[in-house]
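> Compact mmCIF, C-alpha atoms and all ligand atoms, file input_10.txt:
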# COMPACT_ATOMS: atom_id res chain seq x y z
CA TYR A 20 25.51 76.01 -15.97
CA SER A 21 23.40 74.07 -18.46
CA VAL A 22 20.01 73.21 -16.97
CA GLY A 23 17.30 70.86 -18.24
CA ILE A 24 13.92 71.25 -16.54
CA ILE A 25 11.29 68.49 -16.32
CA GLY A 26 7.85 69.00 -14.80
CA ALA A 27 6.30 66.00 -13.07
CA PRO A 28 2.69 66.92 -12.20
CA PHE A 29 2.02 63.80 -10.11
CA SER A 30 0.30 63.34 -6.76
CA LYS A 31 -0.49 59.65 -6.30
CA GLY A 32 2.39 58.94 -3.95
CA GLN A 33 0.29 60.65 -1.28
CA PRO A 34 -3.38 61.41 -0.56
CA ARG A 35 -3.65 65.19 -0.96
CA ASP A 36 -4.70 66.83 -4.24
CA GLY A 37 -2.85 69.94 -5.38
CA VAL A 38 0.79 68.82 -5.39
CA GLU A 39 0.43 68.06 -9.11
CA LYS A 40 0.14 71.82 -9.61
CA GLY A 41 3.69 72.38 -8.35
CA PRO A 42 5.58 72.33 -11.67
CA ASP A 43 3.51 74.98 -13.43
CA LEU A 44 3.36 77.15 -10.30
CA ILE A 45 7.15 77.12 -10.02
CA ARG A 46 7.45 78.01 -13.71
CA ALA A 47 4.89 80.79 -13.31
CA ALA A 48 7.08 82.27 -10.57
CA GLY A 49 9.76 82.82 -13.23
CA LEU A 50 12.21 79.97 -12.68
CA VAL A 51 13.41 79.77 -16.30
CA GLU A 52 13.76 83.53 -16.73
CA LYS A 53 15.57 83.89 -13.39
CA LEU A 54 18.03 81.09 -14.18
CA LYS A 55 18.74 82.68 -17.57
CA ALA A 56 19.19 86.07 -15.91
CA GLN A 57 21.94 84.59 -13.72
CA GLY A 58 23.75 83.21 -16.74
CA CYS A 59 22.43 79.68 -17.09
CA ALA A 60 21.58 77.98 -20.35
CA VAL A 61 18.12 76.57 -19.74
CA LYS A 62 16.03 74.09 -21.71
CA ASP A 63 12.51 73.39 -20.44
CA TYR A 64 11.48 69.88 -21.52
CA GLY A 65 7.89 70.46 -20.40
CA ASN A 66 5.79 68.18 -18.27
CA VAL A 67 5.86 64.40 -18.29
CA THR A 68 2.41 63.02 -19.17
CA PHE A 69 1.28 60.18 -16.92
CA GLU A 70 -1.15 57.40 -17.81
CA GLU A 71 -4.45 56.98 -16.03
CA VAL A 72 -4.45 53.68 -14.12
CA ALA A 73 -7.83 52.17 -13.28
CA ASN A 74 -8.56 49.83 -10.36
CA ASP A 75 -5.27 50.64 -8.69
CA GLU A 76 -6.10 48.71 -5.53
CA PRO A 77 -3.61 48.70 -2.63
CA ILE A 78 -1.14 45.82 -2.41
CA GLY A 79 -0.79 45.07 1.28
CA ASN A 80 -0.95 48.61 2.60
CA VAL A 81 0.91 50.14 -0.41
CA LYS A 82 -1.43 52.66 -2.00
CA ARG A 83 -1.72 53.25 -5.78
CA PRO A 84 1.33 51.15 -6.67
CA ARG A 85 0.48 50.80 -10.38
CA ALA A 86 0.10 54.56 -10.95
CA VAL A 87 3.27 55.34 -9.00
CA GLY A 88 5.28 52.64 -10.77
CA SER A 89 4.09 53.72 -14.21
CA ALA A 90 4.69 57.42 -13.54
CA ASN A 91 8.22 56.82 -12.30
CA GLN A 92 9.08 54.63 -15.27
CA ARG A 93 8.13 57.49 -17.58
CA LEU A 94 9.97 60.04 -15.42
CA SER A 95 13.06 57.84 -15.40
CA ALA A 96 13.20 57.85 -19.20
CA ALA A 97 12.75 61.64 -19.26
CA VAL A 98 15.54 62.27 -16.72
CA HIS A 99 17.85 59.86 -18.58
CA ALA A 100 17.29 61.83 -21.78
CA VAL A 101 18.02 65.17 -20.11
CA LYS A 102 21.25 63.78 -18.68
CA ASN A 103 22.22 62.35 -22.09
CA ASP A 104 21.71 65.85 -23.50
CA GLY A 105 24.41 66.99 -21.08
CA HIS A 106 22.34 69.14 -18.71
CA THR A 107 22.06 69.22 -14.95
CA CYS A 108 18.50 67.92 -14.50
CA VAL A 109 15.89 69.80 -12.43
CA MET A 110 12.78 67.71 -11.69
CA LEU A 111 9.83 69.76 -10.45
CA GLY A 112 7.26 67.77 -8.43
CA GLY A 113 4.81 66.55 -7.63
CA ASP A 114 5.19 64.36 -4.58
CA HIS A 115 8.40 62.73 -3.36
CA SER A 116 7.60 59.26 -4.75
CA LEU A 117 8.96 60.81 -7.96
CA ALA A 118 12.48 60.49 -6.57
CA ILE A 119 12.25 56.82 -7.62
CA GLY A 120 12.16 57.75 -11.30
CA SER A 121 14.43 60.75 -10.95
CA ILE A 122 17.25 58.87 -9.23
CA GLN A 123 16.76 55.78 -11.43
CA GLY A 124 16.98 57.84 -14.61
CA HIS A 125 19.98 59.75 -13.26
CA ALA A 126 21.77 56.51 -12.34
CA ALA A 127 21.05 55.10 -15.81
CA ALA A 128 23.07 57.99 -17.24
CA LYS A 129 25.71 58.45 -14.53
CA LYS A 130 26.19 55.05 -12.83
CA ASP A 131 27.58 55.79 -9.32
CA LEU A 132 25.74 58.60 -7.52
CA SER A 133 25.85 60.24 -4.13
CA VAL A 134 22.47 61.33 -2.80
CA VAL A 135 21.89 64.36 -0.56
CA TRP A 136 18.32 64.12 0.77
CA VAL A 137 17.02 67.37 2.32
CA ASP A 138 13.72 66.70 4.06
CA ALA A 139 11.87 66.73 7.36
CA HIS A 140 11.35 63.03 6.68
CA ALA A 141 13.62 60.12 5.74
CA ASP A 142 11.25 58.68 3.10
CA ILE A 143 12.90 55.30 3.67
CA ASN A 144 9.96 53.16 4.79
CA THR A 145 9.69 49.81 3.04
CA PRO A 146 6.25 48.59 1.94
CA LEU A 147 6.27 46.49 5.10
CA THR A 148 7.27 49.27 7.54
CA SER A 149 5.20 52.16 6.11
CA PRO A 150 2.62 53.43 8.63
CA THR A 151 0.57 55.08 5.89
CA GLY A 152 1.13 53.08 2.71
CA ASN A 153 1.84 56.35 0.91
CA ILE A 154 4.74 55.78 -1.45
CA HIS A 155 6.12 59.35 -1.00
CA GLY A 156 7.33 58.03 2.37
CA GLN A 157 9.11 55.06 0.77
CA PRO A 158 11.09 56.09 -2.34
CA MET A 159 14.56 55.48 -0.92
CA SER A 160 13.73 51.88 0.03
CA TYR A 161 13.32 50.91 -3.64
CA LEU A 162 16.66 52.45 -4.61
CA ILE A 163 19.13 51.27 -1.95
CA HIS A 164 21.10 48.08 -2.65
CA GLU A 165 21.14 47.03 1.01
CA LEU A 166 17.33 47.04 1.36
CA GLN A 167 16.35 44.93 -1.60
CA SER A 168 15.66 41.81 0.47
CA LYS A 169 12.91 43.84 2.18
CA ILE A 170 11.09 44.91 -0.99
CA PRO A 171 8.17 42.74 -2.19
CA VAL A 172 7.22 42.41 -5.86
CA LEU A 173 4.87 45.27 -6.84
CA PRO A 174 3.02 45.80 -10.15
CA ASN A 175 4.79 48.30 -12.45
CA PHE A 176 7.86 48.29 -10.15
CA SER A 177 9.83 45.49 -11.81
CA TRP A 178 11.78 47.96 -14.02
CA ILE A 179 13.40 49.54 -10.91
CA LYS A 180 17.01 48.53 -10.31
CA PRO A 181 18.56 49.44 -6.93
CA CYS A 182 21.29 51.99 -7.72
CA VAL A 183 22.40 53.73 -4.50
CA SER A 184 24.65 52.42 -1.72
CA ALA A 185 23.87 53.33 1.89
CA LYS A 186 27.36 54.80 2.29
CA ASP A 187 26.68 57.31 -0.51
CA ILE A 188 23.64 58.92 1.17
CA VAL A 189 23.49 61.99 3.44
CA TYR A 190 20.27 63.24 5.05
CA ILE A 191 19.83 66.85 6.16
CA GLY A 192 16.87 68.34 8.07
CA LEU A 193 15.25 65.21 9.55
CA ARG A 194 12.82 65.83 12.40
CA ASP A 195 9.86 63.46 11.79
CA VAL A 196 11.29 59.95 11.36
CA ASP A 197 9.19 56.83 12.01
CA PRO A 198 10.63 54.29 14.49
CA GLU A 199 11.10 51.67 11.75
CA GLU A 200 12.84 54.23 9.55
CA HIS A 201 15.16 55.09 12.41
CA HIS A 202 15.97 51.41 12.77
CA ILE A 203 16.80 51.17 9.04
CA LEU A 204 19.00 54.29 9.17
CA LYS A 205 20.94 52.86 12.13
CA LEU A 206 21.16 49.36 10.66
CA LEU A 207 22.58 50.68 7.38
CA GLY A 208 24.79 53.26 9.09
CA ILE A 209 23.42 56.02 6.89
CA LYS A 210 24.81 59.51 7.55
CA VAL A 211 22.13 61.73 9.10
CA TYR A 212 22.23 65.44 10.00
CA SER A 213 18.89 65.86 11.76
CA MET A 214 17.72 69.27 12.97
CA THR A 215 19.54 68.45 16.22
CA GLU A 216 22.85 68.34 14.36
CA VAL A 217 21.91 71.47 12.41
CA ASP A 218 21.38 73.21 15.77
CA ARG A 219 24.49 71.72 17.38
CA LEU A 220 26.96 72.20 14.52
CA GLY A 221 25.43 75.03 12.50
CA ILE A 222 24.65 74.64 8.80
CA ALA A 223 28.15 75.58 7.64
CA LYS A 224 29.72 72.72 9.60
CA VAL A 225 26.95 70.34 8.49
CA MET A 226 27.71 71.13 4.85
CA GLU A 227 31.47 70.92 5.40
CA GLU A 228 31.08 67.48 6.98
CA THR A 229 28.56 66.41 4.32
CA CYS A 230 31.00 67.21 1.54
CA ASP A 231 33.96 65.65 3.37
CA TYR A 232 31.88 62.51 3.88
CA ILE A 233 30.70 62.33 0.26
CA PHE A 234 34.19 63.04 -1.09
CA SER A 235 36.03 60.83 1.41
CA LYS A 236 35.68 58.13 -1.19
CA VAL A 237 35.77 58.61 -4.96
CA LYS A 238 33.90 61.77 -6.04
CA LYS A 239 30.51 60.85 -7.45
CA PRO A 240 27.93 63.06 -9.20
CA ILE A 241 25.49 64.47 -6.64
CA HIS A 242 21.73 63.89 -6.77
CA LEU A 243 20.13 66.54 -4.53
CA SER A 244 16.57 65.55 -3.59
CA TYR A 245 14.98 68.58 -1.92
CA ASP A 246 11.58 68.24 -0.20
CA ILE A 247 10.25 71.75 0.39
CA ASP A 248 8.94 70.55 3.78
CA ALA A 249 12.58 70.54 4.96
CA LEU A 250 12.11 74.28 5.44
CA ASP A 251 10.24 75.54 8.47
CA PRO A 252 6.48 75.85 7.81
CA SER A 253 6.81 79.59 8.56
CA ILE A 254 8.60 79.78 5.18
CA SER A 255 6.96 76.95 3.25
CA PRO A 256 3.53 76.16 4.70
CA ALA A 257 1.97 75.05 1.39
CA THR A 258 3.07 71.43 1.54
CA GLY A 259 1.52 68.08 2.37
CA THR A 260 3.26 67.15 5.61
CA PRO A 261 4.58 70.30 7.33
CA VAL A 262 6.64 69.77 10.51
CA VAL A 263 7.60 72.53 12.97
CA GLY A 264 11.21 73.26 13.78
CA GLY A 265 12.54 73.26 10.23
CA LEU A 266 15.37 74.91 8.34
CA THR A 267 15.34 78.67 8.06
CA TYR A 268 15.22 80.18 4.60
CA ARG A 269 18.91 81.10 5.05
CA GLU A 270 19.91 77.57 6.06
CA GLY A 271 17.99 76.15 3.11
CA ILE A 272 19.75 78.46 0.68
CA TYR A 273 23.15 77.84 2.27
CA ILE A 274 22.72 74.13 1.51
CA THR A 275 22.17 74.78 -2.21
CA GLU A 276 24.95 77.42 -2.44
CA HIS A 277 27.35 74.93 -0.84
CA ILE A 278 26.32 71.99 -3.01
CA CYS A 279 26.68 74.23 -6.08
CA GLN A 280 30.27 75.12 -5.27
CA THR A 281 31.29 71.44 -5.22
CA GLY A 282 30.89 71.46 -8.99
CA LEU A 283 29.44 67.93 -8.74
CA LEU A 284 25.71 68.68 -8.77
CA SER A 285 24.20 66.53 -11.52
CA ALA A 286 20.45 66.41 -10.75
CA VAL A 287 18.00 68.20 -8.44
CA ASP A 288 14.49 67.28 -7.31
CA MET A 289 12.25 70.05 -5.92
CA VAL A 290 9.11 68.35 -4.59
CA GLU A 291 6.01 68.57 -2.42
CA VAL A 292 4.95 72.15 -3.19
CA ASN A 293 1.15 71.97 -2.81
CA PRO A 294 -0.82 75.21 -3.30
CA GLU A 295 -3.98 73.64 -1.90
CA ARG A 296 -2.18 73.33 1.47
CA GLY A 297 -1.63 77.10 1.66
CA ARG A 298 -4.35 79.02 3.50
CA THR A 299 -3.58 82.35 1.83
CA ASP A 300 -1.99 83.52 -1.41
CA ASP A 301 0.93 84.76 0.66
CA GLU A 302 1.49 81.28 2.08
CA ILE A 303 1.47 79.82 -1.42
CA SER A 304 3.81 82.45 -2.87
CA SER A 305 6.19 82.18 0.07
CA THR A 306 6.43 78.43 -0.54
CA VAL A 307 6.79 78.71 -4.32
CA ASN A 308 9.32 81.55 -4.13
CA ALA A 309 11.42 79.57 -1.65
CA ALA A 310 11.45 76.64 -4.10
CA VAL A 311 12.58 78.96 -6.90
CA ASP A 312 15.29 80.55 -4.75
CA LEU A 313 16.59 77.16 -3.62
CA ILE A 314 16.94 76.06 -7.25
CA ARG A 315 18.66 79.35 -8.12
CA GLY A 316 21.18 78.65 -5.35
CA CYS A 317 21.96 75.33 -7.03
CA PHE A 318 23.07 77.15 -10.15
CA GLY A 319 25.33 79.90 -8.94
CA LYS A 320 23.02 82.52 -7.42
CA LEU A 321 24.93 84.06 -4.53
CA ARG A 322 23.50 86.40 -1.95
CA GLU A 323 26.70 88.49 -2.18
CA GLY A 324 25.74 89.35 -5.79
N1 LIG A 401 6.97 58.73 7.38
C1 LIG A 401 5.70 59.17 6.86
C2 LIG A 401 5.14 58.18 5.89
O1 LIG A 401 3.97 58.35 5.50
O2 LIG A 401 5.88 57.22 5.53
C3 LIG A 401 4.73 59.40 8.02
N2 LIG A 401 4.66 60.87 8.12
C4 LIG A 401 3.46 61.45 8.70
C5 LIG A 401 3.37 61.13 10.18
C6 LIG A 401 2.34 62.06 10.80
C7 LIG A 401 2.20 61.78 12.27
C8 LIG A 401 3.55 61.88 12.96
C9 LIG A 401 4.56 60.97 12.27
N3 LIG A 401 4.64 61.29 10.84
C10 LIG A 401 4.77 61.39 6.76
C11 LIG A 401 5.90 60.58 6.25
C12 LIG A 401 6.03 60.64 4.75
C13 LIG A 401 6.44 62.03 4.27
C14 LIG A 401 6.77 62.02 2.81
B1 LIG A 401 7.55 63.33 2.30
O3 LIG A 401 7.81 63.21 0.92
O4 LIG A 401 6.77 64.50 2.57
O5 LIG A 401 8.80 63.47 2.99
MN MN A 402 8.98 65.50 3.76
MN MN A 403 10.03 63.80 1.15
MN MN A 404 4.92 65.17 1.57
Before anything else, please render the file you have as structure tokens.


Amino acid sequence: YSVGIIGAPFSKGQPRDGVEKGPDLIRAAGLVEKLKAQGCAVKDYGNVTFEEVANDEPIGNVKRPRAVGSANQRLSAAVHAVKNDGHTCVMLGGDHSLAIGSIQGHAAAKKDLSVVWVDAHADINTPLTSPTGNIHGQPMSYLIHELQSKIPVLPNFSWIKPCVSAKDIVYIGLRDVDPEEHHILKLLGIKVYSMTEVDRLGIAKVMEETCDYIFSKVKKPIHLSYDIDALDPSISPATGTPVVGGLTYREGIYITEHICQTGLLSAVDMVEVNPERGRTDDEISSTVNAAVDLIRGCFGKLREG
């Protein structure tokens, strides 16, 4: 596997400081060395630098739109470059608003994508449905063709081109979905494996069905967007919006092992690691180590050896 790593130390898609420390924490836990030790070629492209945006007043209830738009435009260019260099791209967040730039830059290089979104949350609020105005709860709405009539003009967002079809999306791990998000998921007929389905089917069947569903049509490169809060807070407490009843460590790893064996993984996001949300060093290291192990599973690490 040839891996290109981008750090995106960005937090303005949500209100809590600390998530911008995620990239360097994940590196400090040995991600590059561990990927090399398992046979990957790894190039670390460093961290994207983001511009300071003054007077970034809310538009409607959308918070810090100018900073989020600008950051994602820069991230998009960085991801596009990594893909043009021929690597599988690993974007280390930072909050989940960064999926806007990550998926946009990926689509610029690869055209048709399938998106596997692993998260406690659907992150599919539009600016008009969001209960918080935090853009980390909205990234998918800016990217999906079928939702564009619902997206108002926002400063620094005009560069975004919708690039994902509803039929090419699979959610895994949902357990905290807003009513309006649920309506959107139903309206668009988006494939969802909530924690109920994970319990009912078991993770192996969920992944089998996910891959059958994605591959039922023409095989598209996979964009795996992994929010660390998909895992149960007993494993990954150091995150902005923890929700009980999450994926076990084993289920989380099984997802990445299974996606890896498709041979279609083309980009990965690993977001929402926030050390300031861990109450002890152990909580922080458990969260960071889980993020590292999930990424290793994407690139051939098998528990059998
Ligand atoms: N849907 C949300 C949004 O703010 O839009 C509301 N939710 C918090 C709210 C707390 C009270 C019970 C219902 N949920 C967080 C989520 C965004 C998570 C972003 B992610 O990147 O962490 O997934
Ligand atoms: Mn989440
Ligand atoms: Mn998320
Ligand atoms: Mn979050």

> Give the answer as one residue: which of A:Pro240, A:Gly221, A:Pro34, A:Gly259 has the shortest atom-to-atom distance to ligand MN 403 (chain A), using all atoms listed in the file?

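Closest residue, counting all atoms listed in the file: A:Gly259.
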
> As a PyMOL selection string, please: the residues near Ser255 of chain A (cut-off 12 Å, all atoms listed in the file, same-chain neighbours under 4 positions excluded).

chain A and resi 246-251+259-268+271+290-294+296-299+301-311+313

> Keeping only C-alpha atoms, take the residues you just selected and write them out as a tab-separated table (two decimals), keeping the file's coordinate frame.


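Written out: out34.tsv:
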chain	number	residue	atom	x	y	z
A	246	ASP	CA	11.58	68.24	-0.20
A	247	ILE	CA	10.25	71.75	0.39
A	248	ASP	CA	8.94	70.55	3.78
A	249	ALA	CA	12.58	70.54	4.96
A	250	LEU	CA	12.11	74.28	5.44
A	251	ASP	CA	10.24	75.54	8.47
A	259	GLY	CA	1.52	68.08	2.37
A	260	THR	CA	3.26	67.15	5.61
A	261	PRO	CA	4.58	70.30	7.33
A	262	VAL	CA	6.64	69.77	10.51
A	263	VAL	CA	7.60	72.53	12.97
A	264	GLY	CA	11.21	73.26	13.78
A	265	GLY	CA	12.54	73.26	10.23
A	266	LEU	CA	15.37	74.91	8.34
A	267	THR	CA	15.34	78.67	8.06
A	268	TYR	CA	15.22	80.18	4.60
A	271	GLY	CA	17.99	76.15	3.11
A	290	VAL	CA	9.11	68.35	-4.59
A	291	GLU	CA	6.01	68.57	-2.42
A	292	VAL	CA	4.95	72.15	-3.19
A	293	ASN	CA	1.15	71.97	-2.81
A	294	PRO	CA	-0.82	75.21	-3.30
A	296	ARG	CA	-2.18	73.33	1.47
A	297	GLY	CA	-1.63	77.10	1.66
A	298	ARG	CA	-4.35	79.02	3.50
A	299	THR	CA	-3.58	82.35	1.83
A	301	ASP	CA	0.93	84.76	0.66
A	302	GLU	CA	1.49	81.28	2.08
A	303	ILE	CA	1.47	79.82	-1.42
A	304	SER	CA	3.81	82.45	-2.87
A	305	SER	CA	6.19	82.18	0.07
A	306	THR	CA	6.43	78.43	-0.54
A	307	VAL	CA	6.79	78.71	-4.32
A	308	ASN	CA	9.32	81.55	-4.13
A	309	ALA	CA	11.42	79.57	-1.65
A	310	ALA	CA	11.45	76.64	-4.10
A	311	VAL	CA	12.58	78.96	-6.90
A	313	LEU	CA	16.59	77.16	-3.62

> Using all atoms listed in the file, give me every residue within 6 Å of (28.8, 57.9, -3.7) in file coordinates, as JSON, numbers by chain.

{"A": [132, 133, 187, 239]}

> Within 10 Å of (16.3, 59.6, -14.8), all atoms listed in the file: residues as a PyMOL selection string?

chain A and resi 91-103+108+110+118-129+286

> Which residue gives the smallest distance to ligand MN 404 (chain A) among A:Gly113, A:Pro198, A:Gly319, A:Gly23, with only C-alpha atoms and all ligand atoms counted?

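Of all the options, A:Gly113 lies closest to ligand MN 404 (chain A).
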
> Could you name the residues that touch Val87 of chain A at 9 Å or less, counting only C-alpha atoms, but leaving out those on the same chain fewer than 6 positions away, as a ChimeraX atom specification?

/A:29-32,116-117,154,175-176

> Ligand LIG 401 (chain A): which residues are within 8 Å, counting all atoms listed in the file, as a ChimeraX atom specification?

/A:33,114-116,138-144,149-157,195-197,200,246,248,258-261,290-291

> Measuring atom to atom with all atoms listed in the file, identify which of A:Leu243, A:Ile278, A:Leu283, A:Val137 is nearest to ligand MN 403 (chain A).

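Checking each candidate against ligand MN 403 (chain A), we get A:Val137 as the closest.
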
> Closest to ligand MN 402 (chain A) among A:Ile272, A:Ile191, A:Gly58, A:Leu284, using all atoms listed in the file?

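Looking only at the distances to ligand MN 402 (chain A), the closest residue turns out to be A:Ile191.
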
> One decimal, in Å: what's the spacing between atom CA of Gly65 of chain A and atom CA of Phe318 of chain A?

19.5 Å

> What does the structure give for the distance between atom MN of ligand MN 404 (chain A) and atom CA of Gly112 of chain A, in Å to one decimal?

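Atom CA of Gly112 of chain A lies at a distance of 10.6 Å from atom MN of ligand MN 404 (chain A).
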
> Output as a tab-separated table one row per residue of segment 150-198 of chain A within 9 Å of segment 210-220 of chain A: the closest atom pair and its distance in Å to one decimal place, counting only C-alpha atoms, sorted by chain and residue number ascending.


residue	atom	partner	partner_atom	distance
A:Ala185	CA	A:Lys210	CA	8.4
A:Lys186	CA	A:Lys210	CA	7.5
A:Asp187	CA	A:Lys210	CA	8.6
A:Ile188	CA	A:Lys210	CA	6.5
A:Val189	CA	A:Lys210	CA	5.0
A:Tyr190	CA	A:Val211	CA	4.7
A:Ile191	CA	A:Tyr212	CA	4.7
A:Gly192	CA	A:Ser213	CA	4.9
A:Leu193	CA	A:Ser213	CA	4.3
A:Arg194	CA	A:Met214	CA	6.0

> Create the file for the chosen residues now, containing C-alpha atoms and written as a CSV table (one decimal), keeping the file's coordinate frame.


chain,number,residue,atom,x,y,z
A,185,ALA,CA,23.9,53.3,1.9
A,186,LYS,CA,27.4,54.8,2.3
A,187,ASP,CA,26.7,57.3,-0.5
A,188,ILE,CA,23.6,58.9,1.2
A,189,VAL,CA,23.5,62.0,3.4
A,190,TYR,CA,20.3,63.2,5.0
A,191,ILE,CA,19.8,66.8,6.2
A,192,GLY,CA,16.9,68.3,8.1
A,193,LEU,CA,15.2,65.2,9.6
A,194,ARG,CA,12.8,65.8,12.4

> With distances taken over all atoms listed in the file, which residue among A:Asp288, A:Thr281, A:Glu52, A:Trp178 lies nearest Asp231 of chain A?

A:Thr281

> Quick one: residues within 7 Å of Lys320 of chain A, all atoms listed in the file, excluding same-chain residues fewer than 4 positions away - as JSON, numbers by chain?

{"A": [57, 315, 316]}

> Grab the atom CA of Cys182 of chain A to atom CA of Glu39 of chain A distance for me, in Å with one decimal place.

26.4 Å

> With all atoms listed in the file as the atoms that count, which of A:Ile254, A:Met159, A:Val38, A:Ile241 lies nearest to ligand MN 404 (chain A)?

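Once distances to ligand MN 404 (chain A) are computed over all atoms listed in the file, the minimum belongs to A:Val38.
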